file model.tsv (TSV, N, CA and C atoms)
chain	number	residue	atom	x	y	z
A	11	MET	N	120.86	96.57	87.47
A	11	MET	CA	120.27	95.26	87.40
A	11	MET	C	118.79	95.30	87.78
A	12	ARG	N	118.44	96.08	88.79
A	12	ARG	CA	117.05	96.18	89.22
A	12	ARG	C	116.17	96.74	88.10
A	13	PHE	N	116.70	97.71	87.32
A	13	PHE	CA	115.95	98.28	86.20
A	13	PHE	C	115.59	97.19	85.19
A	14	ILE	N	116.57	96.36	84.83
A	14	ILE	CA	116.32	95.28	83.87
A	14	ILE	C	115.29	94.31	84.41
A	15	ASP	N	115.40	93.98	85.70
A	15	ASP	CA	114.45	93.06	86.31
A	15	ASP	C	113.04	93.65	86.30
A	16	ASN	N	112.91	94.91	86.69
A	16	ASN	CA	111.58	95.54	86.78
A	16	ASN	C	110.94	95.83	85.43
A	17	HIS	N	111.75	96.15	84.41
A	17	HIS	CA	111.20	96.62	83.14
A	17	HIS	C	111.31	95.62	81.99
A	18	VAL	N	112.08	94.57	82.15
A	18	VAL	CA	112.23	93.59	81.08
A	18	VAL	C	111.86	92.19	81.57
A	19	THR	N	112.61	91.68	82.53
A	19	THR	CA	112.44	90.30	82.97
A	19	THR	C	111.07	90.07	83.61
A	20	SER	N	110.70	90.90	84.56
A	20	SER	CA	109.45	90.69	85.28
A	20	SER	C	108.22	90.76	84.38
A	21	PRO	N	108.09	91.76	83.49
A	21	PRO	CA	106.93	91.77	82.58
A	21	PRO	C	106.87	90.54	81.68
A	22	PHE	N	108.02	90.08	81.21
A	22	PHE	CA	108.07	88.88	80.38
A	22	PHE	C	107.58	87.66	81.17
A	23	LEU	N	108.04	87.52	82.41
A	23	LEU	CA	107.64	86.37	83.22
A	23	LEU	C	106.17	86.45	83.63
A	24	HIS	N	105.63	87.66	83.80
A	24	HIS	CA	104.20	87.81	84.08
A	24	HIS	C	103.38	87.23	82.92
A	25	LYS	N	103.80	87.52	81.70
A	25	LYS	CA	103.09	86.99	80.53
A	25	LYS	C	103.26	85.48	80.43
A	26	LEU	N	104.47	85.00	80.71
A	26	LEU	CA	104.75	83.56	80.65
A	26	LEU	C	103.95	82.80	81.69
A	27	ALA	N	103.71	83.40	82.84
A	27	ALA	CA	102.97	82.74	83.92
A	27	ALA	C	101.51	82.48	83.54
A	28	ALA	N	101.01	83.18	82.54
A	28	ALA	CA	99.61	83.00	82.13
A	28	ALA	C	99.38	81.68	81.38
A	29	PHE	N	100.44	81.08	80.85
A	29	PHE	CA	100.29	79.84	80.09
A	29	PHE	C	100.11	78.64	81.02
A	30	ARG	N	99.22	77.76	80.66
A	30	ARG	CA	98.89	76.59	81.50
A	30	ARG	C	100.07	75.65	81.74
A	31	ARG	N	100.96	75.52	80.82
A	31	ARG	CA	102.07	74.58	80.97
A	31	ARG	C	103.34	75.25	81.51
A	32	SER	N	103.24	76.49	81.86
A	32	SER	CA	104.39	77.23	82.36
A	32	SER	C	104.73	76.82	83.80
A	33	PRO	N	106.02	76.73	84.13
A	33	PRO	CA	106.40	76.45	85.52
A	33	PRO	C	106.29	77.71	86.39
A	34	PHE	N	106.00	78.86	85.77
A	34	PHE	CA	105.94	80.10	86.51
A	34	PHE	C	104.55	80.34	87.08
A	35	ALA	N	104.52	80.96	88.23
A	35	ALA	CA	103.28	81.38	88.89
A	35	ALA	C	103.49	82.80	89.38
A	36	LEU	N	102.42	83.40	89.86
A	36	LEU	CA	102.52	84.75	90.42
A	36	LEU	C	102.14	84.71	91.88
A	37	ILE	N	103.04	85.18	92.72
A	37	ILE	CA	102.76	85.36	94.14
A	37	ILE	C	102.14	86.74	94.29
A	38	GLN	N	100.96	86.80	94.90
A	38	GLN	CA	100.29	88.07	95.12
A	38	GLN	C	100.30	88.35	96.62
A	39	LEU	N	100.73	89.58	96.97
A	39	LEU	CA	100.74	89.94	98.37
A	39	LEU	C	100.61	91.44	98.54
A	40	MET	N	100.17	91.84	99.72
A	40	MET	CA	100.02	93.25	100.04
A	40	MET	C	101.33	93.76	100.63
A	41	ASP	N	101.77	94.90	100.13
A	41	ASP	CA	102.95	95.54	100.68
A	41	ASP	C	102.61	96.06	102.07
A	42	ALA	N	103.42	95.71	103.05
A	42	ALA	CA	103.13	96.06	104.44
A	42	ALA	C	103.14	97.56	104.68
A	43	THR	N	103.96	98.31	103.96
A	43	THR	CA	104.05	99.75	104.21
A	43	THR	C	103.06	100.56	103.39
A	44	THR	N	102.84	100.19	102.13
A	44	THR	CA	101.96	100.98	101.26
A	44	THR	C	100.56	100.41	101.14
A	45	GLY	N	100.40	99.12	101.39
A	45	GLY	CA	99.10	98.48	101.22
A	45	GLY	C	98.78	98.13	99.78
A	46	ASP	N	99.76	98.34	98.89
A	46	ASP	CA	99.57	98.03	97.47
A	46	ASP	C	99.70	96.53	97.23
A	47	LEU	N	98.90	96.02	96.30
A	47	LEU	CA	99.01	94.63	95.89
A	47	LEU	C	100.15	94.50	94.89
A	48	SER	N	101.03	93.53	95.12
A	48	SER	CA	102.12	93.31	94.17
A	48	SER	C	102.09	91.86	93.72
A	49	GLU	N	102.61	91.61	92.53
A	49	GLU	CA	102.72	90.25	91.99
A	49	GLU	C	104.18	90.00	91.63
A	50	THR	N	104.68	88.88	92.10
A	50	THR	CA	106.06	88.50	91.83
A	50	THR	C	106.05	87.16	91.10
A	51	PRO	N	106.67	87.09	89.91
A	51	PRO	CA	106.74	85.80	89.21
A	51	PRO	C	107.78	84.89	89.87
A	52	ILE	N	107.38	83.64	90.09
A	52	ILE	CA	108.29	82.65	90.67
A	52	ILE	C	108.06	81.31	89.99
A	53	ILE	N	108.98	80.39	90.21
A	53	ILE	CA	108.83	79.03	89.71
A	53	ILE	C	108.26	78.18	90.84
A	54	VAL	N	107.23	77.39	90.54
A	54	VAL	CA	106.61	76.53	91.55
A	54	VAL	C	106.55	75.10	91.03
A	55	GLU	N	106.46	74.19	91.98
A	55	GLU	CA	106.28	72.77	91.67
A	55	GLU	C	105.24	72.24	92.64
A	56	PRO	N	104.14	71.67	92.13
A	56	PRO	CA	103.15	71.12	93.05
A	56	PRO	C	103.70	69.88	93.75
A	57	ILE	N	103.49	69.82	95.05
A	57	ILE	CA	103.93	68.66	95.84
A	57	ILE	C	102.81	68.30	96.80
A	58	GLY	N	102.21	67.14	96.59
A	58	GLY	CA	101.10	66.72	97.44
A	58	GLY	C	99.98	67.73	97.39
A	59	SER	N	99.59	68.24	98.55
A	59	SER	CA	98.52	69.23	98.60
A	59	SER	C	99.07	70.66	98.70
A	60	GLY	N	100.36	70.83	98.42
A	60	GLY	CA	100.96	72.16	98.51
A	60	GLY	C	101.87	72.44	97.32
A	61	PHE	N	102.76	73.38	97.51
A	61	PHE	CA	103.68	73.79	96.45
A	61	PHE	C	105.09	73.97	97.01
A	62	LEU	N	106.05	73.69	96.19
A	62	LEU	CA	107.44	74.00	96.47
A	62	LEU	C	107.76	75.27	95.70
A	63	LEU	N	108.19	76.32	96.40
A	63	LEU	CA	108.49	77.60	95.77
A	63	LEU	C	109.99	77.76	95.64
A	64	ALA	N	110.45	78.14	94.46
A	64	ALA	CA	111.87	78.39	94.25
A	64	ALA	C	112.25	79.74	94.84
A	65	LEU	N	113.40	79.81	95.48
A	65	LEU	CA	113.92	81.05	96.03
A	65	LEU	C	115.24	81.38	95.35
A	66	PRO	N	115.19	81.85	94.09
A	66	PRO	CA	116.44	82.11	93.36
A	66	PRO	C	117.28	83.20	94.01
A	67	ASP	N	116.65	84.12	94.75
A	67	ASP	CA	117.38	85.17	95.44
A	67	ASP	C	117.72	84.77	96.87
A	68	GLY	N	117.37	83.55	97.25
A	68	GLY	CA	117.62	83.09	98.61
A	68	GLY	C	116.56	83.61	99.57
A	69	PRO	N	116.72	83.28	100.84
A	69	PRO	CA	115.72	83.70	101.83
A	69	PRO	C	115.74	85.20	102.12
A	70	ASP	N	116.65	85.93	101.51
A	70	ASP	CA	116.72	87.38	101.71
A	70	ASP	C	115.86	88.14	100.71
A	71	ALA	N	115.13	87.44	99.85
A	71	ALA	CA	114.28	88.11	98.86
A	71	ALA	C	113.22	88.94	99.58
A	72	GLU	N	112.99	90.13	99.09
A	72	GLU	CA	112.05	91.06	99.72
A	72	GLU	C	110.64	90.48	99.78
A	73	TRP	N	110.18	89.86	98.68
A	73	TRP	CA	108.83	89.31	98.66
A	73	TRP	C	108.67	88.18	99.67
A	74	TYR	N	109.73	87.40	99.88
A	74	TYR	CA	109.68	86.29	100.84
A	74	TYR	C	109.55	86.83	102.26
A	75	ALA	N	110.31	87.89	102.57
A	75	ALA	CA	110.22	88.51	103.90
A	75	ALA	C	108.83	89.07	104.14
A	76	GLU	N	108.21	89.64	103.09
A	76	GLU	CA	106.86	90.19	103.24
A	76	GLU	C	105.83	89.10	103.48
A	77	ILE	N	106.00	87.95	102.84
A	77	ILE	CA	105.09	86.82	103.06
A	77	ILE	C	105.23	86.32	104.49
A	78	LEU	N	106.47	86.19	104.97
A	78	LEU	CA	106.68	85.73	106.34
A	78	LEU	C	106.06	86.71	107.34
A	79	ALA	N	106.20	88.01	107.08
A	79	ALA	CA	105.64	89.01	107.98
A	79	ALA	C	104.10	88.96	107.98
A	80	ALA	N	103.52	88.79	106.79
A	80	ALA	CA	102.05	88.76	106.67
A	80	ALA	C	101.47	87.43	107.14
A	81	GLY	N	102.23	86.35	106.95
A	81	GLY	CA	101.75	85.04	107.34
A	81	GLY	C	100.91	84.34	106.29
A	82	HIS	N	100.72	85.00	105.14
A	82	HIS	CA	99.92	84.39	104.07
A	82	HIS	C	100.17	85.14	102.77
A	83	CYS	N	99.75	84.52	101.67
A	83	CYS	CA	99.80	85.16	100.35
A	83	CYS	C	98.88	84.37	99.43
A	84	THR	N	98.76	84.85	98.21
A	84	THR	CA	97.95	84.19	97.20
A	84	THR	C	98.86	83.77	96.06
A	85	LEU	N	98.62	82.59	95.52
A	85	LEU	CA	99.39	82.07	94.39
A	85	LEU	C	98.46	81.93	93.20
A	86	ARG	N	98.79	82.54	92.08
A	86	ARG	CA	98.05	82.36	90.83
A	86	ARG	C	98.87	81.45	89.95
A	87	TRP	N	98.34	80.25	89.67
A	87	TRP	CA	99.09	79.25	88.90
A	87	TRP	C	98.13	78.47	88.02
A	88	HIS	N	98.44	78.40	86.75
A	88	HIS	CA	97.66	77.64	85.77
A	88	HIS	C	96.17	78.01	85.79
A	89	GLY	N	95.90	79.31	85.91
A	89	GLY	CA	94.53	79.79	85.85
A	89	GLY	C	93.73	79.64	87.13
A	90	ARG	N	94.37	79.18	88.21
A	90	ARG	CA	93.67	79.01	89.48
A	90	ARG	C	94.34	79.85	90.56
A	91	ILE	N	93.60	80.14	91.59
A	91	ILE	CA	94.12	80.93	92.71
A	91	ILE	C	94.13	80.07	93.97
A	92	TYR	N	95.26	80.07	94.66
A	92	TYR	CA	95.44	79.30	95.88
A	92	TYR	C	95.83	80.23	97.01
A	93	GLU	N	95.20	80.06	98.17
A	93	GLU	CA	95.57	80.81	99.37
A	93	GLU	C	96.64	79.99	100.09
A	94	LEU	N	97.78	80.62	100.33
A	94	LEU	CA	98.89	79.94	101.02
A	94	LEU	C	99.08	80.56	102.40
A	95	ASN	N	99.24	79.71	103.39
A	95	ASN	CA	99.46	80.15	104.78
A	95	ASN	C	100.80	79.66	105.27
call {"tool": "encode", "arguments": {"input": "model.tsv", "output": "structure tokens"}}
result
Amino acid sequence: MRFIDNHVTSPFLHKLAAFRRSPFALIQLMDATTGDLSETPIIVEPIGSGFLLALPDGPDAEWYAEILAAGHCTLRWHGRIYELN
């Protein structure tokens, strides 16, 4: 399942996130162990001055744990970049 997600689903959602009307965005964060920048496609909904992020994998998602550990991340949505704390 991870192979399909990494090589089929994720690349497709990365392309879909580039469209202005897409509900998908890209969470950008630094990997705590390697220091590499990673992008994870997610569904977002703007709410007031912030965003509601979907957690389809639940709170056990690896990217979510990395954001909590770092205390911040970057969101690329509809051609704009937002710093999230």
call {"tool": "atom_distance", "arguments": {"input": "model.tsv", "atom1": "atom C of Gly60 of chain A", "atom2": "atom N of Thr43 of chain A"}}
result
26.8 Å
call {"tool": "select_by_dssp", "arguments": {"input": "model.tsv", "residues": "chain A", "states": "strand (DSSP E)", "output": "number ranges by chain"}}
result
A: 34-40, 47-57, 60-63, 83-87, 90-94
call {"tool": "residues_around", "arguments": {"input": "model.tsv", "residues": "Ala64 of chain A", "least_positions_apart": "5", "cutoff": "8 Å", "atoms": "only N, CA and C atoms", "output": "PyMOL selection string"}}
result
chain A and resi 52-55
call {"tool": "closest_residue", "arguments": {"input": "model.tsv", "among": "A:Pro56, A:Pro51, A:Gly89, A:Gly68", "to": "Gln38 of chain A", "atoms": "only N, CA and C atoms"}}
result
A:Pro51
call {"tool": "select_by_dssp", "arguments": {"input": "model.tsv", "residues": "segment 33-78 of chain A", "states": "helix (DSSP H, G or I)", "output": "ChimeraX atom specification"}}
result
/A:68-70,72-78
call {"tool": "residues_around", "arguments": {"input": "model.tsv", "residues": "Ala28 of chain A", "least_positions_apart": "5", "cutoff": "10 Å", "atoms": "only C-alpha atoms", "output": "list in words"}}
result
Leu23, Phe34, Ala35, Leu36, Arg86, Trp87, His88 and Gly89 of chain A
call {"tool": "atom_distance", "arguments": {"input": "model.tsv", "atom1": "atom N of Thr44 of chain A", "atom2": "atom C of Ala27 of chain A"}}
result
25.7 Å
call {"tool": "atom_distance", "arguments": {"input": "model.tsv", "atom1": "atom C of Leu62 of chain A", "atom2": "atom N of Cys83 of chain A"}}
result
13.6 Å
call {"tool": "closest_residue", "arguments": {"input": "model.tsv", "among": "A:Leu94, A:Leu65, A:Leu47, A:Ile57", "to": "His82 of chain A", "atoms": "all atoms listed in the file"}}
result
A:Leu94
call {"tool": "residues_around", "arguments": {"input": "model.tsv", "residues": "segment 75-78 of chain A", "least_positions_apart": "5", "cutoff": "8 Å", "atoms": "all atoms listed in the file", "output": "mmCIF file with N, CA and C atoms, keeping the file's coordinate frame"}}
result
data_model
loop_
_atom_site.group_PDB
_atom_site.id
_atom_site.type_symbol
_atom_site.label_atom_id
_atom_site.label_comp_id
_atom_site.auth_asym_id
_atom_site.auth_seq_id
_atom_site.Cartn_x
_atom_site.Cartn_y
_atom_site.Cartn_z
ATOM 1 N N LEU A 39 100.730 89.580 96.970
ATOM 2 C CA LEU A 39 100.740 89.940 98.370
ATOM 3 C C LEU A 39 100.610 91.440 98.540
ATOM 4 N N MET A 40 100.170 91.840 99.720
ATOM 5 C CA MET A 40 100.020 93.250 100.040
ATOM 6 C C MET A 40 101.330 93.760 100.630
ATOM 7 N N ASP A 41 101.770 94.900 100.130
ATOM 8 C CA ASP A 41 102.950 95.540 100.680
ATOM 9 C C ASP A 41 102.610 96.060 102.070
ATOM 10 N N ALA A 42 103.420 95.710 103.050
ATOM 11 C CA ALA A 42 103.130 96.060 104.440
ATOM 12 C C ALA A 42 103.140 97.560 104.680
ATOM 13 N N PRO A 69 116.720 83.280 100.840
ATOM 14 C CA PRO A 69 115.720 83.700 101.830
ATOM 15 C C PRO A 69 115.740 85.200 102.120
ATOM 16 N N ASP A 70 116.650 85.930 101.510
ATOM 17 C CA ASP A 70 116.720 87.380 101.710
ATOM 18 C C ASP A 70 115.860 88.140 100.710
ATOM 19 N N CYS A 83 99.750 84.520 101.670
ATOM 20 C CA CYS A 83 99.800 85.160 100.350
ATOM 21 C C CYS A 83 98.880 84.370 99.430
#
